[in-house]
Every structure is written in C-alpha cells, then in structure tokens.
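Undergrad: Following this message is one structure expressed as structure tokens.
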Amino acid sequence: MKRFVSSLMLLGATAVPLAVAAQEAPQLQAKNRSLGGSLTPAEAPKTLMSKSRIASRTVSTIENGDGSYEGVWGLIPGSGVDASEWVQRFVLPQSSGTVTEAAVCFSSDNGGSFDFEFLIFSANGNRPGNELDRIGFRTPQLDALVVECLQLPEINFPTTTDRYFFGVQFSANDDLLVLADENSPEEQPSYVRAPGVTGFERLGGASTLSGFEAFRNLAVAINFDDGDGAGGPSGNTDPCVADAQTLCLNRDRFEIKVDFATPQGDSGAAGAVKLADDSGYVWFFDQNNVEAVFKVLDGCLINQNYWFFAGGLTNVAVDVTVRDSVTGFQQVYRNPQGTLFQPIEDTSAFPTCP
C-alpha cells in the first residue's frame, strides 16, 4: 500500500496548548475561527496527485453532516504538544471493498504549505480502535483565511468491516485549522487527541472539551469502491489496437491514450510512439518534442500487480487513460493545469494478474 481518499473534506488545524491543573490529566482546549456564516465549498478539490479508478462497479461518496460548514477548528498551540489527530467514524455500504480517495479542506490564519497525514483507525464501538494506516501528503501554498479543498488519491485501503475512523494528523504548531460542520445532526462520532499526551476525546454534544460544545461533524468525505479490482463486472475488453494516438504495451495488453489541454484553450489527443514492448512516449504539438513517457511492467510474481510508470516534461493539463484489455479494468491519471507533471510510480496500478 502506498504511503504518501472516497473523498474526505477537512481542514488542517493549529495545535493545542494543554491546560494542566494540579493532580488532573491535561485538558485539550479548542481554537476556533468562525467562517462568518455557513460555507459550502464552491470549487472542486484541487488534486495533489492524480489517479482515479474507472470500472463498471459501484463507487459511493460518503460524507457526514449537511454539506455546509460554519467554522474551522484546531488546538491552541503550545505546552509541548507535538501533533493533533482528528478522526470521524464512517459507516460503509458493505464490509468488503476499497477506500480509494479522500478530500480534505484546510484553512490557515497566516498561509503557507504544510505536511499532514491521512489516518485510518479501526472502530471499537463508537470510539477509534487500532491505527491501521497513515499516508503522508503536503498542501500547496495556502492563502491566509481561505478554505482550500484538496483531493487525496491513492488511498487504496481494502476494508473487511463496515465501520472505520478516518481523519488527519498535523503538527500542533502549524498554522492549520480543520473545517467543521457545527449545526447538522451528530450523525457519526468525531474525536480529537494529541498523541502521547492524552487519549481520544469525543467532540460534539457529548464533548468534555472546553469550546467544542457546538461542534458536530468534521468536513470529511471518502470514496468507497465496492469492487476489489481483481474480478467482478468487466468494462471494455476489446483488444488494444495501436494507432497514431494509441499505445499498446506489455504484449499489447495495456492500452494508453493521452488527452491534453493548454491554458489558452488548445486541446486534443496526443500523438503516440511505441519504443519497446513495455514502453512508449507521446507528443502534443510537434512529433519531435517528447511530452511524456510511459512504461507498463509485469509485477505479478512480486506483488500480484501490473505496474505503471510515467514521467512528464510538461505543465499543461493531461489525462492519461490506461486500460487492461483483458479485464476491462481502467485507471486514469490526471495532471492539473499549470502543474509540473509529477513522476508516477504506481506498483499497484492493475491488480488483474495473471
């Protein structure tokens, strides 16, 4: 599993000073900033990385709360607290499937770029149980006092029960705040803790924390795929046919098509050139100008997956569609407009062996 959401909507948080009374356990204290009325994020999440699954299966977006958010929350910095963790319980439509992506909404009082981790815990009744996974990300530069929603792909967490806690951890001393729904029903319990300082404390109407009485839900959503990518209903299983815009790699099993768009409005299908059985490249405007290179490798003997690698020499919007012509399973990798094409090293791209 990659260490690095289906969509989680959250906000980063600033950290917490712990008020310590004599002979008493440390108490978490809230830092709150009102958004000045109900806020519904108007823009789609910005993509940090760029992978999505497409197949003829059911993908459910699960979100708690009413979809609008009234405040951003964190813990007051100081008192040696190194980090804060914010998690909320999700009830999945079935026990077997994969959480593929998450979306997270952050705000910052002063702006900046911050590291954070996406968290997955088992559910022990209404409370978080054992930590199961954490995946690292970094925000782009955030403007001060602005809500920024981020898409977190490549979660790829296989589920075995229908209840988990999902959330984020960030430095208690970073200038981050997590988006919060303060007036919807408390559909699923939410918790916060400072690791190593105190256990999880429940938020919401039952909260024992000072300043959290009005809190109800984290702004969190996840994408849940009810298939495991290794069977089930098939998509398009037509053979790959190479042409001027199509690469057929790895014994002609994997079809690669690339679309591009420039800020000026130019768009189209990329030209395709095969280099070897497992590799090729594409061009956009001039056939002598390489824009991106691709490779598909057979990793079935290593981890029961076919691997997809890519490297780009462009910062325009790019959609790379890779289809397994044997199973119909398809992956789409997207590079946002104005973003330097990031290397792709996806060693779990196609769990479709042999």
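A note on labels: chains of the structure tokens are A, B, ... as shown, every chain counts residues from 1, and ligands are counted from 1 in their shown order.
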Which residues are near A:Val91? Cut-off 12 Å, only C-alpha atoms, ignore same chain within fewer than 3 positions. Put them as a list in words.
TA: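 Everything that qualifies: Ser60, Thr61, Ile62, Glu63, Asn64, Gln88, Gln94, Ser95, Val99, Ser122, Ala123, Gly125, Asn126, Thr159, Thr161, Asp162, Arg163, Tyr164, Phe165, Phe166, Glu187, Gln188, Pro189, Ala221, Ile222 and Phe224 of chain A.
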Undergrad: Excluding same-chain residues fewer than 5 positions from stretch 343-353 of chain A, what lies within 8 Å of it counting only C-alpha atoms, as an MDAnalysis selection string?
TA: chainID A and resid 1 229:231 299:300 303:312 324 327 329 331
Undergrad: Take the residues just selected and output them with all heavy atoms as a compact mmCIF listing (two decimals), in the first residue's frame.
TA:
```
# COMPACT_ATOMS: atom_id res chain seq x y z
N MET A 1 0.84 -1.19 0.00
CA MET A 1 0.00 0.00 0.00
C MET A 1 0.87 1.23 0.00
O MET A 1 1.90 1.29 0.65
CB MET A 1 -0.88 0.00 1.23
CG MET A 1 -1.76 1.22 1.30
SD MET A 1 -3.00 1.04 2.55
CE MET A 1 -3.78 -0.47 2.03
N GLY A 229 -11.07 -4.75 -7.70
CA GLY A 229 -10.18 -4.55 -8.83
C GLY A 229 -9.62 -5.82 -9.40
O GLY A 229 -8.83 -5.80 -10.32
N ALA A 230 -9.97 -6.97 -8.86
CA ALA A 230 -9.39 -8.23 -9.32
C ALA A 230 -10.48 -9.19 -9.80
O ALA A 230 -10.40 -10.38 -9.62
CB ALA A 230 -8.59 -8.87 -8.21
N GLY A 231 -11.50 -8.67 -10.39
CA GLY A 231 -12.58 -9.52 -10.86
C GLY A 231 -13.86 -8.73 -10.91
O GLY A 231 -13.84 -7.52 -11.03
N GLY A 299 4.49 -7.17 -12.75
CA GLY A 299 4.98 -7.40 -11.40
C GLY A 299 4.24 -8.51 -10.69
O GLY A 299 4.27 -8.59 -9.45
N CYS A 300 3.60 -9.39 -11.45
CA CYS A 300 2.73 -10.41 -10.85
C CYS A 300 3.48 -11.35 -9.92
O CYS A 300 2.93 -11.81 -8.91
CB CYS A 300 2.02 -11.20 -11.95
SG CYS A 300 0.83 -10.22 -12.89
N ASN A 303 4.22 -8.74 -6.54
CA ASN A 303 3.12 -8.29 -5.66
C ASN A 303 1.74 -8.49 -6.28
O ASN A 303 0.77 -7.84 -5.87
CB ASN A 303 3.32 -6.83 -5.26
CG ASN A 303 3.11 -5.87 -6.43
OD1 ASN A 303 3.11 -6.28 -7.59
ND2 ASN A 303 2.94 -4.60 -6.12
N GLN A 304 1.65 -9.36 -7.30
CA GLN A 304 0.36 -9.67 -7.93
C GLN A 304 -0.30 -8.45 -8.57
O GLN A 304 -1.52 -8.30 -8.56
CB GLN A 304 -0.60 -10.31 -6.92
CG GLN A 304 -0.20 -11.71 -6.51
CD GLN A 304 -0.22 -12.67 -7.72
OE1 GLN A 304 -1.23 -12.81 -8.39
NE2 GLN A 304 0.91 -13.31 -7.98
N ASN A 305 0.54 -7.55 -9.14
CA ASN A 305 0.04 -6.37 -9.83
C ASN A 305 0.86 -6.11 -11.08
O ASN A 305 2.05 -6.44 -11.14
CB ASN A 305 0.14 -5.13 -8.94
CG ASN A 305 -0.97 -5.03 -7.92
OD1 ASN A 305 -1.99 -4.38 -8.16
ND2 ASN A 305 -0.79 -5.68 -6.78
N TYR A 306 0.22 -5.49 -12.07
CA TYR A 306 0.96 -4.86 -13.17
C TYR A 306 1.29 -3.44 -12.74
O TYR A 306 0.46 -2.77 -12.11
CB TYR A 306 0.14 -4.86 -14.45
CG TYR A 306 0.00 -6.23 -15.07
CD1 TYR A 306 -1.10 -7.03 -14.79
CD2 TYR A 306 0.99 -6.72 -15.93
CE1 TYR A 306 -1.23 -8.29 -15.35
CE2 TYR A 306 0.87 -7.99 -16.50
CZ TYR A 306 -0.24 -8.77 -16.20
OH TYR A 306 -0.35 -10.01 -16.75
N TRP A 307 2.48 -2.98 -13.10
CA TRP A 307 2.98 -1.69 -12.65
C TRP A 307 2.92 -0.67 -13.78
O TRP A 307 3.21 -0.99 -14.95
CB TRP A 307 4.43 -1.80 -12.17
CG TRP A 307 4.65 -2.79 -11.07
CD1 TRP A 307 3.72 -3.49 -10.36
CD2 TRP A 307 5.92 -3.21 -10.56
NE1 TRP A 307 4.31 -4.30 -9.43
CE2 TRP A 307 5.67 -4.15 -9.53
CE3 TRP A 307 7.24 -2.88 -10.85
CZ2 TRP A 307 6.69 -4.76 -8.81
CZ3 TRP A 307 8.27 -3.48 -10.14
CH2 TRP A 307 7.99 -4.41 -9.12
N PHE A 308 2.59 0.59 -13.41
CA PHE A 308 2.56 1.68 -14.39
C PHE A 308 3.51 2.78 -13.93
O PHE A 308 3.42 3.24 -12.79
CB PHE A 308 1.15 2.23 -14.54
CG PHE A 308 1.07 3.39 -15.50
CD1 PHE A 308 1.22 3.19 -16.86
CD2 PHE A 308 0.86 4.68 -15.04
CE1 PHE A 308 1.16 4.25 -17.74
CE2 PHE A 308 0.79 5.75 -15.91
CZ PHE A 308 0.94 5.54 -17.26
N PHE A 309 4.39 3.19 -14.83
CA PHE A 309 5.33 4.27 -14.56
C PHE A 309 5.18 5.34 -15.64
O PHE A 309 4.91 5.04 -16.80
CB PHE A 309 6.78 3.77 -14.57
CG PHE A 309 7.11 2.82 -13.46
CD1 PHE A 309 6.84 1.46 -13.59
CD2 PHE A 309 7.69 3.27 -12.29
CE1 PHE A 309 7.14 0.57 -12.57
CE2 PHE A 309 8.00 2.39 -11.26
CZ PHE A 309 7.72 1.04 -11.40
N ALA A 310 5.35 6.60 -15.24
CA ALA A 310 5.26 7.71 -16.19
C ALA A 310 6.16 8.85 -15.75
O ALA A 310 6.39 9.06 -14.55
CB ALA A 310 3.82 8.19 -16.33
N GLY A 311 6.65 9.58 -16.71
CA GLY A 311 7.41 10.80 -16.45
C GLY A 311 7.02 11.84 -17.48
O GLY A 311 6.81 11.52 -18.66
N GLY A 312 6.88 13.10 -17.05
CA GLY A 312 6.41 14.14 -17.96
C GLY A 312 7.34 15.32 -18.06
O GLY A 312 8.11 15.60 -17.13
N ASP A 324 -6.68 -2.12 -19.14
CA ASP A 324 -6.30 -3.53 -19.28
C ASP A 324 -7.32 -4.17 -20.20
O ASP A 324 -8.49 -4.37 -19.82
CB ASP A 324 -6.30 -4.20 -17.91
CG ASP A 324 -5.87 -5.65 -17.96
OD1 ASP A 324 -5.75 -6.21 -19.07
OD2 ASP A 324 -5.66 -6.25 -16.89
N THR A 327 -9.21 -7.52 -18.79
CA THR A 327 -10.23 -7.45 -17.74
C THR A 327 -11.17 -6.26 -17.90
O THR A 327 -12.24 -6.22 -17.27
CB THR A 327 -9.57 -7.35 -16.36
OG1 THR A 327 -8.88 -6.10 -16.27
CG2 THR A 327 -8.60 -8.50 -16.14
N PHE A 329 -10.44 -3.41 -16.69
CA PHE A 329 -10.12 -2.51 -15.58
C PHE A 329 -9.32 -1.34 -16.11
O PHE A 329 -8.41 -1.50 -16.92
CB PHE A 329 -9.32 -3.27 -14.52
CG PHE A 329 -9.07 -2.48 -13.27
CD1 PHE A 329 -10.12 -2.15 -12.44
CD2 PHE A 329 -7.80 -2.10 -12.92
CE1 PHE A 329 -9.89 -1.43 -11.27
CE2 PHE A 329 -7.57 -1.38 -11.75
CZ PHE A 329 -8.62 -1.05 -10.93
N GLN A 331 -7.53 2.71 -15.36
CA GLN A 331 -7.04 3.74 -14.46
C GLN A 331 -6.90 5.04 -15.25
O GLN A 331 -6.52 5.02 -16.44
CB GLN A 331 -5.68 3.38 -13.88
CG GLN A 331 -5.65 2.09 -13.08
CD GLN A 331 -6.10 2.31 -11.65
OE1 GLN A 331 -6.87 3.23 -11.37
NE2 GLN A 331 -5.64 1.48 -10.75
```
Undergrad: For atom CA of A:Tyr191 and atom CA of A:Pro153, quote the distance in Å rounded to one decimal.
TA: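 A separation of 23.7 Å between them.
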Undergrad: Measuring atom to atom with only C-alpha atoms, identify which of A:Val72, A:Leu145, A:Leu297, A:Ala270 is nearest to A:Leu179.
TA: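 Among the listed residues, the smallest separation from A:Leu179 belongs to A:Val72.
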Undergrad: Write out as a CSV table (one decimal) with C-alpha atoms, in the first residue's frame which residues come within 9 Å of A:Glu117 when counting only C-alpha atoms, dropping same-chain ones fewer than 5 positions away.
TA:
```csv
chain,number,residue,atom,x,y,z
A,4,PHE,CA,2.0,9.2,0.8
A,134,ARG,CA,-1.4,6.7,7.7
A,135,ILE,CA,-0.5,8.3,4.4
A,136,GLY,CA,1.6,11.4,4.1
A,137,PHE,CA,0.7,14.5,2.0
A,138,ARG,CA,1.8,18.1,1.7
A,167,GLY,CA,-9.1,11.7,9.6
A,168,VAL,CA,-5.9,13.7,9.6
A,169,GLN,CA,-2.9,14.4,11.8
A,170,PHE,CA,-0.9,17.6,11.5
```
Undergrad: Excluding A:Leu340 and its own-chain neighbours fewer than 6 positions away, which residues fall within 9 Å of it when counting only C-alpha atoms? Please give them as a list in words.
TA: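 Listing them by chain and then by number gives Gly312, Leu313, Thr314, Asn315 and Val316 of chain A.
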Undergrad: Suppose you want the space between atom CA of A:Ser325 and atom CA of A:Asp259; what is it in Å?
TA: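 So the answer is 19.2 Å.
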Undergrad: Leaving out stretch 82-85 of chain A and any residue of its chain fewer than 2 positions from it, which residues lie within 7 Å of it when counting only C-alpha atoms, given as a list in words?
TA: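 Here the qualifying residues turn out to be Ala15, Gly80, Val87, Val168, Gln169, Phe170, Ser171, Ala172, Val192, Arg193, Ala194 and Pro195 of chain A.
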Undergrad: Using DSSP assignments from the backbone, pull out every residue in stretch 68-245 of chain A that falls under strand (DSSP E or B) and give it to me as a PyMOL selection string.
TA: chain A and resi 69-75+83-91+97-107+112+115-124+127-138+142+148-152+157-159+163-171+177-181+190-193+201-202+210+217-218+221-225+243
Undergrad: Save the residues we just selected, C-alpha atoms, as a short mmCIF file (atom, residue, chain, number, x, y, z; two decimals), in the first residue's frame?
TA:
```cif
data_model
loop_
_atom_site.label_atom_id
_atom_site.label_comp_id
_atom_site.auth_asym_id
_atom_site.auth_seq_id
_atom_site.Cartn_x
_atom_site.Cartn_y
_atom_site.Cartn_z
CA TYR A 69 -19.53 24.20 7.31
CA GLU A 70 -19.58 27.07 9.76
CA GLY A 71 -16.17 27.06 11.41
CA VAL A 72 -12.60 25.86 11.41
CA TRP A 73 -11.11 24.16 14.42
CA GLY A 74 -7.75 23.33 15.90
CA LEU A 75 -5.99 23.14 19.21
CA ALA A 83 0.63 16.92 16.92
CA SER A 84 -3.15 16.64 16.89
CA GLU A 85 -5.28 13.91 15.31
CA TRP A 86 -8.88 14.48 14.14
CA VAL A 87 -10.97 11.45 13.15
CA GLN A 88 -14.62 10.63 12.48
CA ARG A 89 -16.48 7.34 12.16
CA PHE A 90 -17.78 6.25 8.77
CA VAL A 91 -20.34 3.51 8.11
CA GLY A 97 -14.36 -3.02 -0.81
CA THR A 98 -11.70 -0.32 -1.08
CA VAL A 99 -11.49 3.25 0.17
CA THR A 100 -9.76 4.76 -2.86
CA GLU A 101 -9.68 8.52 -2.31
CA ALA A 102 -10.37 11.27 0.19
CA ALA A 103 -10.88 15.04 0.04
CA VAL A 104 -9.57 17.36 2.71
CA CYS A 105 -10.36 21.04 3.26
CA PHE A 106 -7.85 23.22 5.08
CA SER A 107 -7.64 26.80 6.21
CA GLY A 112 1.83 28.59 3.96
CA ASP A 115 2.74 18.45 5.85
CA PHE A 116 -0.13 16.29 7.12
CA GLU A 117 -1.14 12.64 7.27
CA PHE A 118 -4.37 10.89 6.34
CA LEU A 119 -5.32 8.46 9.14
CA ILE A 120 -7.27 5.21 9.22
CA PHE A 121 -8.34 3.57 12.50
CA SER A 122 -10.49 0.55 13.21
CA ALA A 123 -13.74 1.19 15.08
CA ASN A 124 -14.09 -0.05 18.64
CA ARG A 127 -14.54 5.01 19.63
CA PRO A 128 -11.42 4.78 17.47
CA GLY A 129 -9.63 1.44 17.90
CA ASN A 130 -6.25 0.43 16.46
CA GLU A 131 -4.38 2.55 13.97
CA LEU A 132 -4.40 0.74 10.61
CA ASP A 133 -2.66 3.13 8.24
CA ARG A 134 -1.36 6.66 7.72
CA ILE A 135 -0.45 8.26 4.39
CA GLY A 136 1.62 11.43 4.08
CA PHE A 137 0.74 14.47 1.95
CA ARG A 138 1.79 18.11 1.69
CA LEU A 142 -2.47 28.15 1.23
CA GLU A 148 -8.74 25.13 0.34
CA CYS A 149 -10.08 21.67 -0.56
CA LEU A 150 -7.62 19.00 -1.64
CA GLN A 151 -8.16 15.67 -3.38
CA LEU A 152 -6.15 12.82 -1.85
CA PHE A 157 -7.33 0.82 1.67
CA PRO A 158 -9.09 -2.59 1.50
CA THR A 159 -11.91 -2.95 4.03
CA ARG A 163 -17.02 0.79 10.21
CA TYR A 164 -13.78 2.75 10.33
CA PHE A 165 -12.50 6.09 11.58
CA PHE A 166 -10.86 8.38 9.00
CA GLY A 167 -9.14 11.68 9.62
CA VAL A 168 -5.91 13.69 9.60
CA GLN A 169 -2.89 14.42 11.77
CA PHE A 170 -0.87 17.61 11.54
CA SER A 171 1.68 19.43 13.62
CA LEU A 177 -7.41 24.53 11.03
CA VAL A 178 -9.89 21.80 10.15
CA LEU A 179 -13.25 22.59 8.55
CA ALA A 180 -16.20 21.76 10.81
CA ASP A 181 -19.95 21.39 10.49
CA SER A 190 -15.81 12.54 15.97
CA TYR A 191 -12.72 12.56 18.18
CA VAL A 192 -9.54 14.53 18.71
CA ARG A 193 -6.33 13.71 20.54
CA GLU A 201 -11.66 12.93 23.38
CA ARG A 202 -15.11 12.95 21.81
CA SER A 210 -13.82 23.34 26.55
CA ASN A 217 -19.02 16.81 12.24
CA LEU A 218 -15.67 17.05 10.56
CA ALA A 221 -15.96 12.57 2.68
CA ILE A 222 -14.49 9.36 1.27
CA ASN A 223 -14.90 7.42 -1.97
CA PHE A 224 -15.70 3.75 -1.42
CA ASP A 225 -15.36 1.27 -4.30
CA ASP A 243 -2.73 3.77 -33.96
#
```
Undergrad: Using only C-alpha atoms, which protein or nucleic acid residues come within 9 Å of A:Pro185? Drop anything in the same chain fewer than 6 positions from it, and give the result as a PyMOL selection string.
TA: chain A and resi 65-66+216-217
Undergrad: Got time to write the residues from that selection, C-alpha atoms, as a PDB file, in the first residue's frame?
TA:
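Output contents, as saved in again_9.pdb:
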```
ATOM      1  CA  GLY A  65     -23.055  16.295   8.057  1.00  0.00           C
ATOM      2  CA  ASP A  66     -25.206  18.544   5.868  1.00  0.00           C
ATOM      3  CA  ARG A 216     -20.914  18.221  15.243  1.00  0.00           C
ATOM      4  CA  ASN A 217     -19.018  16.812  12.242  1.00  0.00           C
TER       5      ASN A 217
END
```
